[in-house]
>>> print(open('protein29.tsv').read())   # TSV, C-alpha atoms and all ligand atoms
chain	number	residue	atom	x	y	z
A	26	MET	CA	-21.16	-24.11	-43.01
A	27	LYS	CA	-23.73	-23.78	-40.28
A	28	THR	CA	-23.90	-25.87	-37.10
A	29	LEU	CA	-27.01	-26.75	-35.12
A	30	TRP	CA	-26.30	-27.33	-31.42
A	31	GLN	CA	-29.30	-29.05	-29.86
A	32	ASN	CA	-30.65	-31.20	-27.05
A	33	CYS	CA	-29.74	-28.57	-24.45
A	34	HIS	CA	-31.17	-25.91	-22.14
A	35	VAL	CA	-29.93	-22.36	-22.36
A	36	ALA	CA	-29.36	-19.64	-19.76
A	37	SER	CA	-28.78	-16.87	-22.31
A	38	MET	CA	-28.03	-14.09	-19.77
A	39	ALA	CA	-29.63	-11.57	-22.09
A	40	ASN	CA	-30.51	-8.49	-20.02
A	41	GLY	CA	-28.55	-9.77	-17.04
A	42	ALA	CA	-30.97	-12.57	-16.13
A	43	TYR	CA	-30.90	-16.34	-16.77
A	44	SER	CA	-33.53	-15.86	-19.54
A	45	ILE	CA	-33.96	-19.63	-19.67
A	46	ILE	CA	-34.87	-21.49	-22.85
A	47	GLU	CA	-35.73	-25.13	-22.14
A	48	ASP	CA	-35.11	-27.71	-24.89
A	49	ALA	CA	-33.24	-25.10	-26.89
A	50	ALA	CA	-31.26	-25.02	-30.10
A	51	ILE	CA	-28.45	-22.73	-31.24
A	52	VAL	CA	-27.48	-22.20	-34.87
A	53	THR	CA	-23.95	-20.90	-35.47
A	54	GLU	CA	-22.29	-19.87	-38.69
A	55	GLY	CA	-18.56	-19.28	-38.55
A	56	ALA	CA	-17.78	-17.42	-35.33
A	57	HIS	CA	-21.32	-16.13	-34.72
A	58	ILE	CA	-24.71	-17.15	-33.43
A	59	VAL	CA	-27.29	-16.73	-36.18
A	60	TRP	CA	-30.33	-18.15	-34.37
A	61	ILE	CA	-31.20	-19.24	-30.82
A	62	GLY	CA	-34.54	-20.35	-29.39
A	63	PRO	CA	-36.74	-23.37	-28.61
A	64	ARG	CA	-35.75	-26.43	-30.63
A	65	ALA	CA	-39.32	-26.82	-31.90
A	66	GLU	CA	-39.02	-23.45	-33.66
A	67	VAL	CA	-35.68	-23.79	-35.47
A	68	PRO	CA	-36.15	-22.42	-38.99
A	69	ASP	CA	-35.22	-24.83	-41.77
A	70	GLN	CA	-31.44	-24.51	-42.27
A	71	GLY	CA	-30.96	-26.83	-45.25
A	72	ASP	CA	-27.66	-28.71	-45.12
A	73	ILE	CA	-26.33	-28.33	-41.57
A	74	LYS	CA	-23.97	-30.11	-39.19
A	75	THR	CA	-25.77	-31.19	-36.02
A	76	VAL	CA	-24.22	-31.53	-32.55
A	77	ASP	CA	-26.08	-33.33	-29.73
A	78	LEU	CA	-25.34	-31.68	-26.36
A	79	ASN	CA	-26.93	-34.49	-24.32
A	80	GLY	CA	-29.21	-32.35	-22.21
A	81	ALA	CA	-26.45	-29.96	-21.06
A	82	TRP	CA	-27.05	-26.44	-19.73
A	83	VAL	CA	-25.52	-23.88	-22.07
A	84	THR	CA	-24.29	-20.51	-20.76
A	85	PRO	CA	-22.20	-17.82	-22.38
A	86	GLY	CA	-18.48	-18.50	-22.13
A	87	LEU	CA	-17.31	-17.14	-18.79
A	88	ILE	CA	-15.51	-13.78	-18.84
A	89	ASP	CA	-12.87	-13.02	-16.22
A	90	CYS	CA	-12.76	-9.23	-16.46
A	91	HIS	CA	-10.02	-8.47	-13.88
A	92	THR	CA	-6.80	-10.48	-13.68
A	93	HIS	CA	-3.08	-9.97	-13.21
A	94	THR	CA	-2.26	-13.34	-14.81
A	95	VAL	CA	1.25	-12.37	-16.01
A	96	PHE	CA	3.83	-12.03	-13.22
A	97	GLY	CA	7.16	-13.40	-12.06
A	98	GLY	CA	7.92	-15.08	-8.74
A	99	ASN	CA	5.78	-16.37	-5.93
A	100	ARG	CA	4.45	-14.78	-2.73
A	101	SER	CA	3.36	-17.76	-0.64
A	102	GLY	CA	6.00	-16.69	1.91
A	103	GLU	CA	4.07	-13.45	2.43
A	104	PHE	CA	0.93	-15.50	2.86
A	105	GLU	CA	2.64	-17.29	5.73
A	106	GLN	CA	3.73	-13.94	7.21
A	107	ARG	CA	0.18	-12.61	7.03
A	108	LEU	CA	-1.06	-15.73	8.79
A	109	GLN	CA	1.36	-14.79	11.59
A	110	GLY	CA	-0.37	-11.42	11.88
A	111	VAL	CA	1.68	-9.10	9.63
A	112	SER	CA	-0.66	-6.92	7.55
A	113	TYR	CA	-0.66	-6.45	3.77
A	114	ALA	CA	0.19	-2.76	4.26
A	115	GLU	CA	3.08	-3.60	6.63
A	116	ILE	CA	4.52	-6.09	4.15
A	117	ALA	CA	4.26	-3.47	1.39
A	118	ALA	CA	5.93	-0.82	3.57
A	119	ALA	CA	8.84	-3.22	4.23
A	120	GLY	CA	9.55	-3.60	0.50
A	121	GLY	CA	7.49	-6.75	-0.04
A	122	GLY	CA	4.10	-6.92	-1.65
A	123	ILE	CA	3.77	-5.53	-5.15
A	124	ALA	CA	7.44	-4.40	-5.09
A	125	SER	CA	8.66	-7.99	-4.67
A	126	THR	CA	6.64	-9.13	-7.68
A	127	VAL	CA	8.03	-6.17	-9.64
A	128	ARG	CA	11.57	-7.34	-8.92
A	129	ALA	CA	10.76	-10.89	-10.03
A	130	THR	CA	8.86	-9.75	-13.13
A	131	ARG	CA	11.62	-7.42	-14.26
A	132	ALA	CA	14.16	-10.24	-13.87
A	133	ALA	CA	12.09	-12.80	-15.79
A	134	SER	CA	12.47	-13.41	-19.52
A	135	GLU	CA	9.48	-13.03	-21.83
A	136	GLU	CA	9.58	-16.81	-22.35
A	137	ASP	CA	9.49	-17.54	-18.61
A	138	LEU	CA	6.64	-15.09	-18.04
A	139	PHE	CA	4.71	-16.68	-20.90
A	140	ALA	CA	5.23	-20.22	-19.58
A	141	SER	CA	4.09	-19.45	-16.03
A	142	ALA	CA	1.13	-17.32	-17.16
A	143	LYS	CA	0.07	-20.02	-19.61
A	144	ARG	CA	-0.13	-22.58	-16.80
A	145	ARG	CA	-2.38	-20.26	-14.77
A	146	LEU	CA	-4.52	-19.26	-17.73
A	147	GLN	CA	-5.09	-22.90	-18.64
A	148	GLN	CA	-6.66	-23.40	-15.22
A	149	LEU	CA	-9.11	-20.59	-15.94
A	150	LEU	CA	-9.90	-21.98	-19.40
A	151	LYS	CA	-10.58	-25.46	-18.02
A	152	ASP	CA	-13.18	-23.78	-15.83
A	153	GLY	CA	-15.11	-22.40	-18.82
A	154	VAL	CA	-13.47	-19.00	-19.37
A	155	THR	CA	-13.43	-17.86	-23.02
A	156	THR	CA	-12.47	-14.18	-22.49
A	157	VAL	CA	-9.99	-12.80	-19.99
A	158	GLU	CA	-8.61	-9.39	-19.15
A	159	ILE	CA	-4.90	-9.28	-18.27
A	160	LYS	CA	-3.27	-6.26	-16.64
A	161	SER	CA	0.32	-5.14	-16.70
A	162	GLY	CA	1.52	-3.34	-13.57
A	163	TYR	CA	4.38	-5.49	-12.27
A	164	GLY	CA	6.92	-3.96	-14.66
A	165	LEU	CA	6.61	-0.26	-13.84
A	166	ASP	CA	9.14	0.78	-16.48
A	167	LEU	CA	8.56	0.98	-20.20
A	168	ALA	CA	10.51	-2.14	-21.18
A	169	SER	CA	9.02	-4.33	-18.44
A	170	GLU	CA	5.44	-3.14	-18.94
A	171	ARG	CA	5.90	-3.80	-22.68
A	172	LYS	CA	7.21	-7.29	-21.87
A	173	MET	CA	4.12	-8.10	-19.78
A	174	LEU	CA	1.69	-6.77	-22.38
A	175	ARG	CA	3.45	-8.65	-25.20
A	176	VAL	CA	3.11	-11.86	-23.19
A	177	ALA	CA	-0.60	-11.16	-22.70
A	178	ARG	CA	-1.05	-10.67	-26.45
A	179	GLN	CA	0.83	-13.92	-27.14
A	180	LEU	CA	-1.43	-15.81	-24.72
A	181	GLY	CA	-4.44	-14.68	-26.74
A	182	GLU	CA	-2.79	-15.80	-29.97
A	183	GLN	CA	-1.76	-19.23	-28.71
A	184	LEU	CA	-4.62	-20.31	-26.46
A	185	PRO	CA	-8.35	-20.57	-27.23
A	186	VAL	CA	-9.25	-17.40	-25.35
A	187	THR	CA	-9.88	-13.75	-26.19
A	188	VAL	CA	-7.45	-11.57	-24.20
A	189	ARG	CA	-8.01	-7.90	-23.43
A	190	ASN	CA	-4.88	-6.00	-22.36
A	191	THR	CA	-5.08	-3.35	-19.67
A	192	CYS	CA	-2.11	-1.11	-18.91
A	193	LEU	CA	-1.76	-0.72	-15.14
A	194	ALA	CA	1.53	1.19	-15.11
A	195	ALA	CA	0.05	3.27	-12.26
A	196	HIS	CA	-0.11	0.24	-9.95
A	197	ALA	CA	2.69	1.17	-7.52
A	198	LEU	CA	5.64	3.49	-7.31
A	199	PRO	CA	8.79	1.89	-8.79
A	200	PRO	CA	11.89	2.13	-6.55
A	201	GLU	CA	13.71	4.50	-8.95
A	202	TYR	CA	10.91	7.06	-8.39
A	203	LYS	CA	10.92	6.82	-4.58
A	204	ASP	CA	9.26	9.95	-3.11
A	205	ARG	CA	8.62	11.24	-6.65
A	206	ALA	CA	5.14	9.94	-7.43
A	207	ASP	CA	4.21	13.00	-9.50
A	208	ASP	CA	7.28	12.47	-11.67
A	209	TYR	CA	6.37	8.82	-12.23
A	210	ILE	CA	2.81	9.80	-13.22
A	211	ALA	CA	4.27	12.35	-15.66
A	212	HIS	CA	6.52	9.63	-17.11
A	213	ILE	CA	3.50	7.32	-17.55
A	214	CYS	CA	1.55	10.08	-19.30
A	215	SER	CA	4.23	11.48	-21.56
A	216	ASP	CA	6.28	8.35	-22.34
A	217	MET	CA	4.87	4.97	-21.33
A	218	LEU	CA	1.22	5.14	-22.35
A	219	PRO	CA	1.81	6.82	-25.73
A	220	ALA	CA	4.54	4.29	-26.62
A	221	LEU	CA	2.59	1.21	-25.52
A	222	ALA	CA	-0.59	2.44	-27.21
A	223	ALA	CA	1.33	3.08	-30.45
A	224	GLU	CA	2.51	-0.53	-30.36
A	225	ASN	CA	-1.14	-1.65	-30.07
A	226	LEU	CA	-0.47	-3.31	-26.73
A	227	VAL	CA	-3.21	-1.52	-24.76
A	228	ASP	CA	-7.00	-1.95	-24.88
A	229	ALA	CA	-7.76	-0.05	-21.65
A	230	VAL	CA	-5.95	1.91	-18.92
A	231	ASP	CA	-6.20	1.22	-15.18
A	232	ALA	CA	-4.67	2.67	-12.00
A	233	PHE	CA	-4.56	1.86	-8.28
A	234	CYS	CA	-6.21	4.71	-6.37
A	235	GLU	CA	-5.25	4.15	-2.74
A	236	TYR	CA	-3.34	5.79	0.08
A	237	LEU	CA	-0.50	3.31	-0.45
A	238	ALA	CA	-0.57	3.86	-4.23
A	239	PHE	CA	-1.84	6.96	-6.13
A	240	SER	CA	-4.08	9.91	-5.27
A	241	THR	CA	-7.21	10.91	-7.17
A	242	GLU	CA	-5.29	13.89	-8.63
A	243	GLN	CA	-2.58	11.58	-9.95
A	244	VAL	CA	-5.11	9.09	-11.31
A	245	GLU	CA	-6.89	11.94	-13.07
A	246	GLN	CA	-3.72	12.75	-15.03
A	247	VAL	CA	-3.59	9.14	-16.22
A	248	PHE	CA	-7.27	9.26	-17.20
A	249	ILE	CA	-6.78	12.47	-19.19
A	250	THR	CA	-3.89	10.91	-21.11
A	251	ALA	CA	-5.93	7.75	-21.79
A	252	GLY	CA	-8.71	9.92	-23.18
A	253	GLN	CA	-6.28	11.71	-25.47
A	254	LEU	CA	-5.10	8.31	-26.75
A	255	GLY	CA	-8.70	7.17	-27.29
A	256	LEU	CA	-8.45	4.44	-24.64
A	257	PRO	CA	-11.19	3.59	-22.10
A	258	VAL	CA	-10.34	3.64	-18.39
A	259	LYS	CA	-10.93	1.45	-15.32
A	260	LEU	CA	-9.87	1.88	-11.71
A	261	HIS	CA	-8.87	-0.10	-8.62
A	262	ALA	CA	-10.85	1.94	-6.10
A	263	GLU	CA	-11.92	1.88	-2.45
A	264	GLN	CA	-10.18	-1.46	-1.76
A	265	LEU	CA	-8.52	-0.49	1.51
A	266	SER	CA	-9.95	2.97	2.21
A	267	SER	CA	-12.48	5.47	0.86
A	268	MET	CA	-10.96	8.01	-1.53
A	269	HIS	CA	-13.96	8.32	-3.89
A	270	GLY	CA	-11.90	6.99	-6.77
A	271	SER	CA	-15.06	5.28	-8.01
A	272	SER	CA	-16.77	8.68	-8.36
A	273	LEU	CA	-13.72	9.95	-10.24
A	274	ALA	CA	-13.90	6.87	-12.49
A	275	ALA	CA	-17.57	7.61	-13.15
A	276	ARG	CA	-16.72	11.20	-14.13
A	277	TYR	CA	-14.40	9.78	-16.78
A	278	GLN	CA	-17.04	7.28	-18.04
A	279	ALA	CA	-14.88	4.42	-16.83
A	280	LEU	CA	-15.86	0.95	-18.03
A	281	SER	CA	-15.55	-0.25	-14.44
A	282	ALA	CA	-14.44	0.54	-10.93
A	283	ASP	CA	-13.11	-2.51	-9.12
A	284	HIS	CA	-12.90	-3.82	-5.51
A	285	LEU	CA	-15.14	-1.13	-3.88
A	286	GLU	CA	-15.46	-2.47	-0.32
A	287	PHE	CA	-15.15	1.09	1.06
A	288	MET	CA	-17.31	2.90	-1.51
A	289	THR	CA	-20.19	5.12	-0.39
A	290	GLU	CA	-23.76	5.47	-1.61
A	291	GLU	CA	-22.76	8.71	-3.38
A	292	ASP	CA	-20.14	6.74	-5.32
A	293	ALA	CA	-22.83	4.21	-6.31
A	294	ILE	CA	-25.09	7.01	-7.56
A	295	ALA	CA	-22.25	8.41	-9.67
A	296	MET	CA	-21.43	5.00	-11.11
A	297	ALA	CA	-25.06	4.32	-11.98
A	298	ALA	CA	-25.26	7.62	-13.85
A	299	SER	CA	-22.26	6.75	-16.03
A	300	ASP	CA	-23.17	3.03	-16.35
A	301	THR	CA	-19.78	2.15	-14.88
A	302	VAL	CA	-19.74	-1.53	-13.85
A	303	ALA	CA	-18.88	-2.44	-10.25
A	304	VAL	CA	-16.36	-5.30	-10.46
A	305	LEU	CA	-16.36	-7.12	-7.13
A	306	LEU	CA	-13.43	-9.36	-6.26
A	307	PRO	CA	-14.42	-11.80	-3.52
A	308	GLY	CA	-11.12	-13.67	-3.78
A	309	ALA	CA	-9.17	-10.60	-2.62
A	310	PHE	CA	-11.78	-9.89	0.09
A	311	TYR	CA	-11.40	-13.45	1.36
A	312	PHE	CA	-7.62	-13.72	1.02
A	313	LEU	CA	-7.01	-10.43	2.90
A	314	ARG	CA	-9.60	-11.45	5.51
A	315	GLU	CA	-11.35	-8.15	4.83
A	316	THR	CA	-14.42	-7.53	6.96
A	317	GLN	CA	-15.84	-4.43	5.24
A	318	LEU	CA	-18.41	-5.68	2.71
A	319	PRO	CA	-19.05	-3.81	-0.54
A	320	PRO	CA	-22.32	-1.84	-0.19
A	321	MET	CA	-24.54	-4.38	-1.95
A	322	ASP	CA	-27.79	-2.63	-1.00
A	323	ALA	CA	-26.64	0.70	-2.47
A	324	LEU	CA	-25.37	-0.97	-5.64
A	325	ARG	CA	-28.68	-2.76	-6.16
A	326	LYS	CA	-30.82	0.22	-5.15
A	327	HIS	CA	-29.18	2.49	-7.73
A	328	GLY	CA	-29.00	-0.17	-10.44
A	329	VAL	CA	-25.22	-0.42	-10.73
A	330	LYS	CA	-24.32	-3.48	-12.79
A	331	ILE	CA	-22.14	-5.91	-10.85
A	332	ALA	CA	-19.40	-8.11	-12.30
A	333	ILE	CA	-17.36	-10.79	-10.51
A	334	ALA	CA	-13.74	-11.62	-11.34
A	335	THR	CA	-10.83	-13.61	-9.93
A	336	ASP	CA	-8.33	-10.69	-9.58
A	337	LEU	CA	-5.84	-13.53	-10.16
A	338	ASN	CA	-2.60	-12.11	-8.71
A	339	PRO	CA	0.21	-13.35	-6.45
A	340	GLY	CA	-0.44	-11.02	-3.51
A	341	THR	CA	-4.12	-10.73	-2.71
A	342	SER	CA	-6.00	-13.30	-4.78
A	343	PRO	CA	-4.20	-16.37	-6.11
A	344	GLY	CA	-7.52	-17.51	-7.53
A	345	LEU	CA	-7.51	-19.99	-10.40
A	346	SER	CA	-11.26	-20.66	-10.64
A	347	LEU	CA	-13.85	-18.09	-11.69
A	348	ARG	CA	-16.61	-20.49	-10.60
A	349	LEU	CA	-15.16	-20.53	-7.11
A	350	MET	CA	-15.46	-16.73	-7.16
A	351	LEU	CA	-19.14	-17.07	-8.07
A	352	ASN	CA	-19.60	-19.18	-4.98
A	353	MET	CA	-17.74	-16.63	-2.84
A	354	ALA	CA	-19.83	-13.80	-4.33
A	355	CYS	CA	-22.93	-15.62	-3.09
A	356	THR	CA	-21.59	-16.72	0.28
A	357	LEU	CA	-19.56	-13.63	1.20
A	358	PHE	CA	-21.39	-10.84	-0.66
A	359	ARG	CA	-24.90	-12.40	-0.50
A	360	MET	CA	-25.41	-12.31	-4.22
A	361	THR	CA	-27.80	-14.77	-5.85
A	362	PRO	CA	-26.38	-17.42	-8.21
A	363	GLU	CA	-28.21	-15.65	-11.02
A	364	GLU	CA	-26.57	-12.29	-10.18
A	365	ALA	CA	-23.20	-14.00	-9.86
A	366	LEU	CA	-23.50	-15.66	-13.28
A	367	ALA	CA	-24.51	-12.34	-14.86
A	368	GLY	CA	-21.37	-10.98	-13.17
A	369	ALA	CA	-19.15	-13.44	-15.00
A	370	THR	CA	-20.90	-13.09	-18.37
A	371	ILE	CA	-22.88	-10.07	-19.58
A	372	HIS	CA	-21.78	-7.59	-16.91
A	373	ALA	CA	-18.16	-8.74	-17.23
A	374	ALA	CA	-18.42	-8.15	-20.98
A	375	GLN	CA	-19.60	-4.60	-20.29
A	376	ALA	CA	-16.70	-4.08	-17.87
A	377	LEU	CA	-14.42	-4.79	-20.86
A	378	GLY	CA	-16.42	-2.70	-23.34
A	379	MET	CA	-17.48	-5.88	-25.17
A	380	ALA	CA	-21.18	-6.17	-24.33
A	381	ASP	CA	-22.26	-5.62	-27.94
A	382	THR	CA	-20.56	-8.81	-29.04
A	383	HIS	CA	-19.98	-10.99	-25.96
A	384	GLY	CA	-21.47	-12.00	-22.64
A	385	SER	CA	-24.90	-13.27	-23.67
A	386	LEU	CA	-26.28	-15.77	-26.15
A	387	GLU	CA	-28.23	-13.86	-28.79
A	388	ALA	CA	-28.38	-13.86	-32.58
A	389	GLY	CA	-25.57	-11.72	-33.94
A	390	LYS	CA	-23.25	-12.23	-30.99
A	391	VAL	CA	-20.00	-14.18	-31.00
A	392	ALA	CA	-20.53	-17.93	-30.52
A	393	ASP	CA	-18.62	-18.34	-27.26
A	394	PHE	CA	-20.49	-20.73	-24.97
A	395	VAL	CA	-20.10	-23.60	-22.52
A	396	ALA	CA	-22.32	-26.69	-22.37
A	397	TRP	CA	-22.14	-27.82	-18.75
A	398	ASN	CA	-23.17	-31.24	-17.46
A	399	ILE	CA	-25.19	-29.79	-14.54
A	400	GLU	CA	-28.78	-30.03	-13.40
A	401	ARG	CA	-29.50	-26.34	-12.83
A	402	PRO	CA	-27.67	-23.06	-13.64
A	403	ALA	CA	-27.23	-22.41	-9.91
A	404	ASP	CA	-24.90	-25.45	-9.80
A	405	LEU	CA	-22.21	-23.21	-11.32
A	406	ALA	CA	-22.13	-21.11	-8.15
A	407	TYR	CA	-22.75	-24.08	-5.85
A	408	TRP	CA	-19.71	-26.34	-6.25
A	409	LEU	CA	-16.54	-25.09	-4.58
A	410	GLY	CA	-14.29	-25.37	-7.62
A	411	GLY	CA	-13.60	-28.83	-8.99
A	412	ASP	CA	-13.82	-29.82	-12.63
A	413	ILE	CA	-17.35	-29.89	-14.03
A	414	GLU	CA	-17.72	-31.97	-17.20
A	415	LYS	CA	-18.24	-29.50	-20.04
A	416	ARG	CA	-17.79	-28.70	-23.71
A	417	VAL	CA	-16.38	-25.25	-24.51
A	418	VAL	CA	-17.17	-23.59	-27.83
A	419	ARG	CA	-15.26	-20.48	-28.87
A	420	HIS	CA	-15.88	-18.58	-32.08
A	421	GLY	CA	-18.21	-21.44	-33.10
A	422	VAL	CA	-15.48	-24.07	-32.72
A	423	GLU	CA	-15.20	-26.61	-29.91
A	424	SER	CA	-12.02	-26.15	-27.86
A	425	THR	CA	-9.98	-29.14	-26.76
A	426	PHE	CA	-8.00	-29.13	-23.53
B	501	LIG	N1	-5.16	-4.50	-5.70
B	501	LIG	C1	-4.97	-5.80	-5.56
B	501	LIG	O1	-5.63	-6.54	-4.92
B	501	LIG	C2	-3.81	-6.18	-6.37
B	501	LIG	N2	-3.44	-4.94	-6.97
B	501	LIG	C3	-4.26	-4.01	-6.55
B	501	LIG	O2	-4.18	-2.86	-6.93
B	501	LIG	C4	-2.73	-6.72	-5.48
B	501	LIG	C5	-1.46	-6.82	-6.17
B	501	LIG	C6	-0.41	-7.49	-5.34
B	501	LIG	O3	-0.43	-7.52	-4.11
B	501	LIG	O4	0.52	-8.02	-6.00
B	502	FE	FE	-6.46	-6.14	-9.23
>>> encode(input="protein29.tsv", output="structure tokens", more="lines below")
Ligand code: DI6
Ligand code: FE
Amino acid sequence: MKTLWQNCHVASMANGAYSIIEDAAIVTEGAHIVWIGPRAEVPDQGDIKTVDLNGAWVTPGLIDCHTHTVFGGNRSGEFEQRLQGVSYAEIAAAGGGIASTVRATRAASEEDLFASAKRRLQQLLKDGVTTVEIKSGYGLDLASERKMLRVARQLGEQLPVTVRNTCLAAHALPPEYKDRADDYIAHICSDMLPALAAENLVDAVDAFCEYLAFSTEQVEQVFITAGQLGLPVKLHAEQLSSMHGSSLAARYQALSADHLEFMTEEDAIAMAASDTVAVLLPGAFYFLRETQLPPMDALRKHGVKIAIATDLNPGTSPGLSLRLMLNMACTLFRMTPEEALAGATIHAAQALGMADTHGSLEAGKVADFVAWNIERPADLAYWLGGDIEKRVVRHGVESTF
């Protein structure tokens, strides 16, 4: 059965621009879009169900392409410490930071992790997200990384959202490998990644390339293993310092390099050549009170595609609204609302390797879209959070919340 969605305007985001269609219509069949264009030109569909969208603006379903939604515990105490002047690096060096979330995540049951992650994910969904990436990386041993990735898979089965799993075993050094980072990387490559991939728990592989995490040489070992397993790679790079991890990511045809405040123009040139998406995370920039801006001019000059994500995590970005991140991308990074929306739709889809099927509204693509009760597309980046009245359609079916 086909459905005709009409009485709406569309920002299709094809080619990374609004690509506006006023007084539009969308025809879906099953989970896919079969026709989209001006309402006056809809081809005769015969018997069809019709839905009136009351003049709403329709965009692709939002895609949050970088999150750490699954974790145990709470770090608001560290937030208070940082407000007293203790730095993120100092907290990490004293055994807090990522290590404290690792302790809490290891101690949590799969059921508890699912319940807390579900509450957070529901916030994102209520904000129009239809696809989300979820990273592991707070387990740091095989059983705990498996537990996190199983919870992420379950979230995708039980909630109206497409979940992509990323294995971030190379997020931090677990305590049992203290001063033995090379050994931990070898364990990831010979034991953890092959086992988790064999259990179909991994869609992509990520690492944290940073002086307080892993070196480019260590990250490269992880990338080589991912390649042998047929998995695409991504990288947390140049968040706190410049190590040219983003150039390394580009050499390995990474889907994305993420954070990037300290990247150089040479890194941008390398990323453009490999069509690696720059995922910018204004929530982490804001929450850490970072002052070094990502090099927006170099990214634009060399045509690097830019995505925006929440980085939802307990330490550096407890962000539960992707639309709020669009606003921050405009205010803090001087992006336009149109660039920001492309960053949470078509460019985010590319950062997950899904641009052929998701991220824009075109015939043949998956029918994931949101009909927003707004006056202009820029309103999505204008309001600071809040709950905009909307209807969310996923796989051609309206979601209820
Ligand atoms: N960069 C981040 O911002 C998060 N991970 C990473 O590699 C922070 C994770 C945390 O502090 O818990
Ligand atoms: Fe992150």
>>> residues_near_ligand(input="protein29.tsv", ligand="ligand FE 502 (chain B)", cutoff="8 Å", atoms="only C-alpha atoms and all ligand atoms", output="VMD selection string")
chain A and resid 91 to 93 261 283 to 284 336 to 338
>>> closest_residue(input="protein29.tsv", among="A:Leu221, A:Leu198, A:Ala376, A:Val83", to="ligand LIG 501 (chain B)", atoms="all atoms listed in the file")
A:Leu198
>>> residues_near_point(input="protein29.tsv", point="(9.7, 3.8, -2.5)", cutoff="12 Å", atoms="all atoms listed in the file", output="VMD selection string")
chain A and resid 117 to 121 123 to 124 197 to 206 209 237 to 238
>>> atom_distance(input="protein29.tsv", atom1="atom CA of Ile249 of chain A", atom2="atom CA of Thr94 of chain A")
26.6 Å
>>> closest_residue(input="protein29.tsv", among="A:Arg175, A:Lys259, A:Lys330, A:Arg276", to="Leu226 of chain A", atoms="all atoms listed in the file")
A:Arg175
>>> closest_atom_pairs(input="protein29.tsv", of="chain A", to="ligand LIG 501 (chain B)", cutoff="6 Å", atoms="only C-alpha atoms and all ligand atoms", output="CSV")
residue,atom,partner,partner_atom,distance
A:Gly122,CA,B:LIG501,O3,5.2
A:Ile123,CA,B:LIG501,O4,4.2
A:His196,CA,B:LIG501,O2,5.9
A:Phe233,CA,B:LIG501,O2,4.9
A:His261,CA,B:LIG501,O2,5.7
A:Ala309,CA,B:LIG501,O1,5.9
A:Asn338,CA,B:LIG501,O4,5.8
A:Pro339,CA,B:LIG501,O4,5.4
A:Gly340,CA,B:LIG501,O3,3.6
A:Thr341,CA,B:LIG501,O1,5.0
>>> write_last_selection(input="protein29.tsv", atoms="C-alpha atoms", output="short mmCIF file (atom, residue, chain, number, x, y, z; two decimals), in the frame of the given file")
data_model
loop_
_atom_site.label_atom_id
_atom_site.label_comp_id
_atom_site.auth_asym_id
_atom_site.auth_seq_id
_atom_site.Cartn_x
_atom_site.Cartn_y
_atom_site.Cartn_z
CA GLY A 122 4.10 -6.92 -1.65
CA ILE A 123 3.77 -5.53 -5.15
CA HIS A 196 -0.11 0.24 -9.95
CA PHE A 233 -4.56 1.86 -8.28
CA HIS A 261 -8.87 -0.10 -8.62
CA ALA A 309 -9.17 -10.60 -2.62
CA ASN A 338 -2.60 -12.11 -8.71
CA PRO A 339 0.21 -13.35 -6.45
CA GLY A 340 -0.44 -11.02 -3.51
CA THR A 341 -4.12 -10.73 -2.71
#
>>> residues_around(input="protein29.tsv", residues="Pro257 of chain A", least_positions_apart="3", cutoff="8 Å", atoms="all atoms listed in the file", output="list in words")
Asp228, Ala229, Val230, Ala251, Gly252, Ala279 and Leu280 of chain A
>>> axis_aligned_box(input="protein29.tsv", around="segment 169-184 of chain A", padding_each_side="8 Å", output="lines of an AutoDock Vina configuration file")
center_x = 2.2
center_y = -11.7
center_z = -24.2
size_x = 29.6
size_y = 33.2
size_z = 27.5
>>> closest_residue(input="protein29.tsv", among="A:Val258, A:Met38, A:Ala323, A:Cys33", to="Tyr277 of chain A", atoms="only C-alpha atoms")
A:Val258
>>> atom_distance(input="protein29.tsv", atom1="atom CA of Ala222 of chain A", atom2="atom CA of Asn190 of chain A")
10.6 Å
>>> atom_distance(input="protein29.tsv", atom1="atom CA of Val391 of chain A", atom2="atom CA of Lys172 of chain A")
29.5 Å
>>> decode(input="protein29.tsv", residues="segment 292-310 of chain A", atoms="C-alpha atoms", output="PDB file, in the first residue's frame")
ATOM      1  CA  ASP A 292      44.776  17.602   7.660  1.00  0.00           C
ATOM      2  CA  ALA A 293      41.801  19.231   5.908  1.00  0.00           C
ATOM      3  CA  ILE A 294      43.424  18.685   2.501  1.00  0.00           C
ATOM      4  CA  ALA A 295      43.980  15.004   3.317  1.00  0.00           C
ATOM      5  CA  MET A 296      40.401  14.567   4.509  1.00  0.00           C
ATOM      6  CA  ALA A 297      38.996  16.237   1.399  1.00  0.00           C
ATOM      7  CA  ALA A 298      40.998  13.873  -0.808  1.00  0.00           C
ATOM      8  CA  SER A 299      39.553  10.789   0.901  1.00  0.00           C
ATOM      9  CA  ASP A 300      36.039  12.288   1.328  1.00  0.00           C
ATOM     10  CA  THR A 301      36.328  11.719   5.076  1.00  0.00           C
ATOM     11  CA  VAL A 302      33.587  13.664   6.889  1.00  0.00           C
ATOM     12  CA  ALA A 303      34.562  16.166   9.597  1.00  0.00           C
ATOM     13  CA  VAL A 304      32.239  15.483  12.546  1.00  0.00           C
ATOM     14  CA  LEU A 305      32.196  18.569  14.752  1.00  0.00           C
ATOM     15  CA  LEU A 306      30.957  18.273  18.322  1.00  0.00           C
ATOM     16  CA  PRO A 307      29.992  21.688  19.663  1.00  0.00           C
ATOM     17  CA  GLY A 308      28.591  20.194  22.874  1.00  0.00           C
ATOM     18  CA  ALA A 309      32.047  18.940  23.915  1.00  0.00           C
ATOM     19  CA  PHE A 310      33.645  22.239  22.828  1.00  0.00           C
TER      20      PHE A 310
END
